[in-house]
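Colleague: Structure in structure tokens, see below.
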Amino acid sequence: VNRALLYLLLALWRRRAVRFLRNLRRPTSCIGSVAVIALVGVLFYFRQHKVIGQLVRTESLIGAGLLMFFASAFKGFFQRGLVCEPADVEFLFTSPFTQRQILIYRLMPSYLFAALQSLVFLALFATHLAFPLTTVLCLALFQIACFHLATAAALFAGTLCEELHLRLRWMMLCCVVLVIALYLRLAWDFKLLPAACSSPLIHLFFYPAMNPVDLANSPAIHQWALALNTSAAPSMNVLARTFLWLAGFSALALGSLFVLMRFKVDPFEAALTTTCRAAERQRHLEQGRAAVGTHGVTARSLPLPTLALFRGVGAVIWKNCVAARRSRKEMMLAGFFILTYTGAFTALLWIYHDMQKRGGDAPLYEARGFTTGIALSLGMLAFFLQRMFPFDFRQDGQHLLTFRTLPASPFALALAEIAVPTTLCLLAQSIGLIPLIILGKFDWPTLVFVTLGFPATALALNSVWNVHYLIAAARRMSGRPGANSAVGVVMVVAMSFLVLYPAGWTTIKVANLFVDKNQTLAFSIAAGVGLAVQYGVDFLIIAIMARLFQTVELFSEG
Amino acid sequence: MNAKTLDGSEASPTSVGSKMLNLFASPRLAFDEMVNTRPNAWNWLVPTILVCAASVLAQEVTVTADHIAEVIRGLLNSGSINEIQATALSEHWHPISRLATCVAVFIGTMWSASGLWLIGRFLLRRGFAFVKALEVAGLTSTILVLGAVMTALLALAVGDPAAQPGLSLFFSKLDRAGPLRAISEILNLFHLWAASVLTIGLARLSSVTVFEAGFWVFGFWIVARIALVILS
């Protein structure tokens with residue numbers, strides 16, 4: 001390689017190393033780096049283990065080699081030309097360097113990567129290899145060959161027209177599938193094909209590259225013919241019935257199609273409106289907003305109540321109350337779900353109560369355990385209701401910038417935003433809680449714990465969903481992908497559980513400290529501490545939400 | 001629309017017999033003419049019927065009573081059939097085989113035409129009429145007529161009903177159920193010839209290079225069949 005290019009390469013590596021170290025200040029980069037180092041560390045710690053030895057079996061190495069080979073070929077082929085830095089195109093391509101020098105310059109980082117990876121491989125697997133040094137050198141050279149292949153494939157694919165490139169991709173894909181199937185069969189004795197593929201009838205698929213005489217004289221055909229001959233008489237009845245059923249339903253399908261085709265209505269005008277509505281709804285859902293309602297219906301304006309609660313930042317609470325009132329369909333759906341959920345548990349309680357009346361009282365600890373279980377199930381209701389009551393930031397996408405100009409602190413505004421869904425969750429839980437108090441067996445500390453625990457849980461869950469919405473909105477507005485992805489939703493659900501973890505962990509630890517002395521006292525103290533921790537966590541999440549609302553780059557969502 | 005000759009004048013389409021003979025001498029010319037003319041059902045129907053007739057004839061010559069008895073004895077010994085069924089089988093062996101041969105040839109022609117059409121439509125991204133693929137597949141099966149006659153003659157000459165003009169001729173001592181024997185049977189001279197002619201037909205139909213068409217035709221009709229033997 002040219003000396004000037006070598007100098008440039010070293011300078012670029014140095015700059016990248018510095019940038020990498022600086023990036024470690026970012027949590028995601030830091031966590032990613034630590035995860036990789038931890039993984040290598042764990043593998044190094046257990047390097048003597050036989051499971052690690054299995055990774056360098058001949059079959060595994062061949063599989064990995066095939067994977068590298070095909071992945072390189074595919075990567076290069078899909079790339080269609082070398083990917084360079086914009087500065088390279090501007091300065092290097094116009095400089096007096098030969099094509100070979102530039103190619104080597106582009107390949108140098110790959111060579112370094114191959115060398116480093118081989119060293120890691122040596123450190124991890126040396127104890128399981130008969131000739132470690134030779135193997136590692138071969139691995140490094142094989143990797144280098146794969147990089148060459150990828151480059152060659154990229155250069156070759158760059159010269160092809162789009163259509164030919166597409167067709168060649170299919171060819172490569174078929175080759176890979178075939179090689180993988182052969183590898184699995186020969187190396188691991190893994191059969192991908194069902195036993196039916198061994199049948200001589202399969203050869204019919206390869207006509208005219210087959211002999212029809214061989215097929216016609218295979219025992220399977222004759223046995224099948226024999227079976228058909230012997231079972232033909234009794235099966236005629238079944239065949240006739242099957243035919244009649246099929247004929248009947250075919251007539252139904254054809255008849256309905258005939259009627260449909262005779263319709264004299266113009267389908268396009270109605271389809272236009274429906275399609276627009278569906279597209280609009282889809283757009284709103286993608287933006288995390290509520291689905292659009294009926295067009296053309298203007299809701300009646302409502303005056304601000306005189307109640308002090310709705311003054312100042314409380315006006316946001318009133319606005320969300322109005323939004324909830326106008327979302328009749330969603331509220332009815334939620335109401336139906338709540339009644340079904342709480343009704344089921346009330347029925348359980350009633351059955352338990354009835355059984356107790358007829359068969360005598362159950363032991364107190366058992367009755368209290370049953371009641372506590374029902375209470376916890378009611379607590380779970382808040383998880384299910386999160387998507388049903390989005391009367392908070394989630395429906396204020398287009399007003400977020402306006403809200404920033406309001407003369408209120410971000411914390412107060414964030415609290416006001418989540419007040420309505422939290423209250424609605426609590427109301428829903430109270431529907432189940434009232435029969436629980438009447439029919440269940442509670443001691444006072446448990447009752448207090450439940451009464452104070454439900455708001456803490458509902459507040460935490462609503463805050464988590466709103467934090468997610470604000471982050472997703474910011475990502476979406478900046479054009480970054482994955483704003484409303486399934487992974488994002490799973491992460492939020494996981495976070496919803498994790499925010500309750502500190503309180504739960506503290507409760508158990510504190511209860512264990514006092515459990516030997518007095519159980520009721522231990523429970524009361526633990527529950528109190530747990531509640532305090534949960535409210536502390538809630539405070540933190542709301543503060544994070546307020547900070548996000550204040551600082552995240554948001555643009556008006558139309 | 002008539003076929004165009006080299007000097008640009010319209011030429012009258014040749015007969016099916018001429019096309020079948022042209023296929024042996026110059027398949028490219030035969031397919032060129034077929035691609036540029038209107039679909040004609042006789043182009044695939046006549047070769048297919050001829051394959052049926054030649055295969056039935058080859059079966060009468062090569063499949064002897066001893067061979068049938070041996071197969072039935074094997075089924076009896078394995079417990080797959082009982083004595084009554086064995087008698088019925090030996091009585092109806094030939095009629096069933098004849099019927100199965102004819103059905104297999106017709107289904108095979110349709111299937112290979114579908115295969116060509118699907119390859120052209122989805123993998124090569126070139127649309128052409130199914131009936132043209134059917135004509136190519138049918139005309140290509142003309143090679144099987146010659147193959148059936150040659151195989152029958154070879155079986156009579158060698159004295160082995162399983163003898164075939166391919167690599168298996170050199171591995172006649174190998175176990176018939178073994179994978180090596182099965183692969184050697186696939187590498188039959190007439191099968192390779194048929195695949196080559198199908199390649200040319202597909203290349204003419206879809207206007208792609210012979211290499212590209214050959215990749216798919218040989219890949220499916222030969223390589224996939226060998227892979228099936230190894231994988232199953």
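Each chain in the structure tokens gets a letter, A, B, ..., in the order shown, and its residues are numbered from 1; ligands are numbered from 1 in order too.
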Using only C-alpha atoms, what table do you get, as a tab-separated table, when you list each residue of region 90-182 of chain B with an atom no more than 6 Å from region 200-215 of chain A, its nearest pair of atoms, and their distance in Å rounded to one decimal, rows by chain then rising number?
Modeller:
```
residue	atom	partner	partner_atom	distance
B:Thr101	CA	A:Pro212	CA	5.6
B:Gly108	CA	A:Tyr207	CA	5.1
B:Ser141	CA	A:Pro208	CA	5.8
```
Colleague: Using only N, CA and C atoms, please write the residues we just selected to a file, as a tab-separated table (two decimals), in the first residue's frame.
Modeller:
```
chain	number	residue	atom	x	y	z
B	101	THR	N	-47.87	-45.76	-16.80
B	101	THR	CA	-46.90	-45.13	-17.71
B	101	THR	C	-47.55	-43.96	-18.45
B	108	GLY	N	-46.42	-35.75	-16.17
B	108	GLY	CA	-45.03	-35.25	-16.22
B	108	GLY	C	-44.88	-34.10	-17.20
B	141	SER	N	-39.80	-33.98	-24.79
B	141	SER	CA	-39.99	-35.39	-24.41
B	141	SER	C	-39.81	-36.34	-25.59
```
Colleague: Can you list, as a PyMOL selection string, every residue of region 127-359 of chain A that DSSP puts in helix (DSSP H, G or I)?
Modeller: chain A and resi 127-128+132-158+162-188+195-198+200-206+212-216+219-261+267-286+308-310+314-326+328-359
Colleague: Looking at only C-alpha atoms, which of A:Thr159, A:Asn2, A:Ser199, A:Thr58 is the one that sits closest to Ile104 (chain A)?
Modeller: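 Looking at the shortest contact to Ile104 (chain A), the residue is A:Asn2.
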Colleague: Could you check which of B:Phe24, B:Phe218, B:Trp44, B:Trp111 is closest to chain A, using only C-alpha atoms?
Modeller: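 Among the listed residues, the smallest separation from chain A belongs to B:Trp111.
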Colleague: Calculate how many Å separate CA of Ala157 (chain A) from CA of Gly81 (chain A), rounding to one decimal.
Modeller: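 Interatomic distance here is 6.7 Å.
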Colleague: If you count only C-alpha atoms, which residues fall within 12 Å of Leu29 (chain B), apart from same-chain ones fewer than 5 positions away, as a count of residues only?
Modeller: 20
Colleague: What residues in chain A have any atom no more than 10 Å from chain B when counting only C-alpha atoms, and can you write them as number ranges by chain?
Modeller: A: 163-164, 166-171, 174-175, 178-179, 181-186, 189-199, 201-223, 225-227, 230
Colleague: What is the distance, in Å and to one decimal place, between CA of Gln519 (chain A) and CA of Leu378 (chain A)?
Modeller: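 Between CA of Gln519 (chain A) and CA of Leu378 (chain A) the gap is 24.3 Å.
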Colleague: Give me, please, the distance in Å between CA of Pro410 (chain A) and CA of Ala546 (chain A), quoted to one decimal.
Modeller: 5.0 Å
Colleague: Would you list the contacts of Leu154 (chain B) as a ChimeraX atom specification, taking every protein, DNA or RNA residue within 9 Å and counting only C-alpha atoms, but skipping same-chain residues closer than 5 positions in sequence?
Modeller: /B:149,159-161,163-165
Colleague: So which residues touch region 38-55 of chain A within 8 Å, counting only C-alpha atoms, skipping near sequence neighbours fewer than 3 positions away, as a list in words?
Modeller: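 My reading of the contact set: Val34, Ala35, Ser60, Leu61, Ala123, Leu124, Phe125, Thr127 and His128 of chain A.
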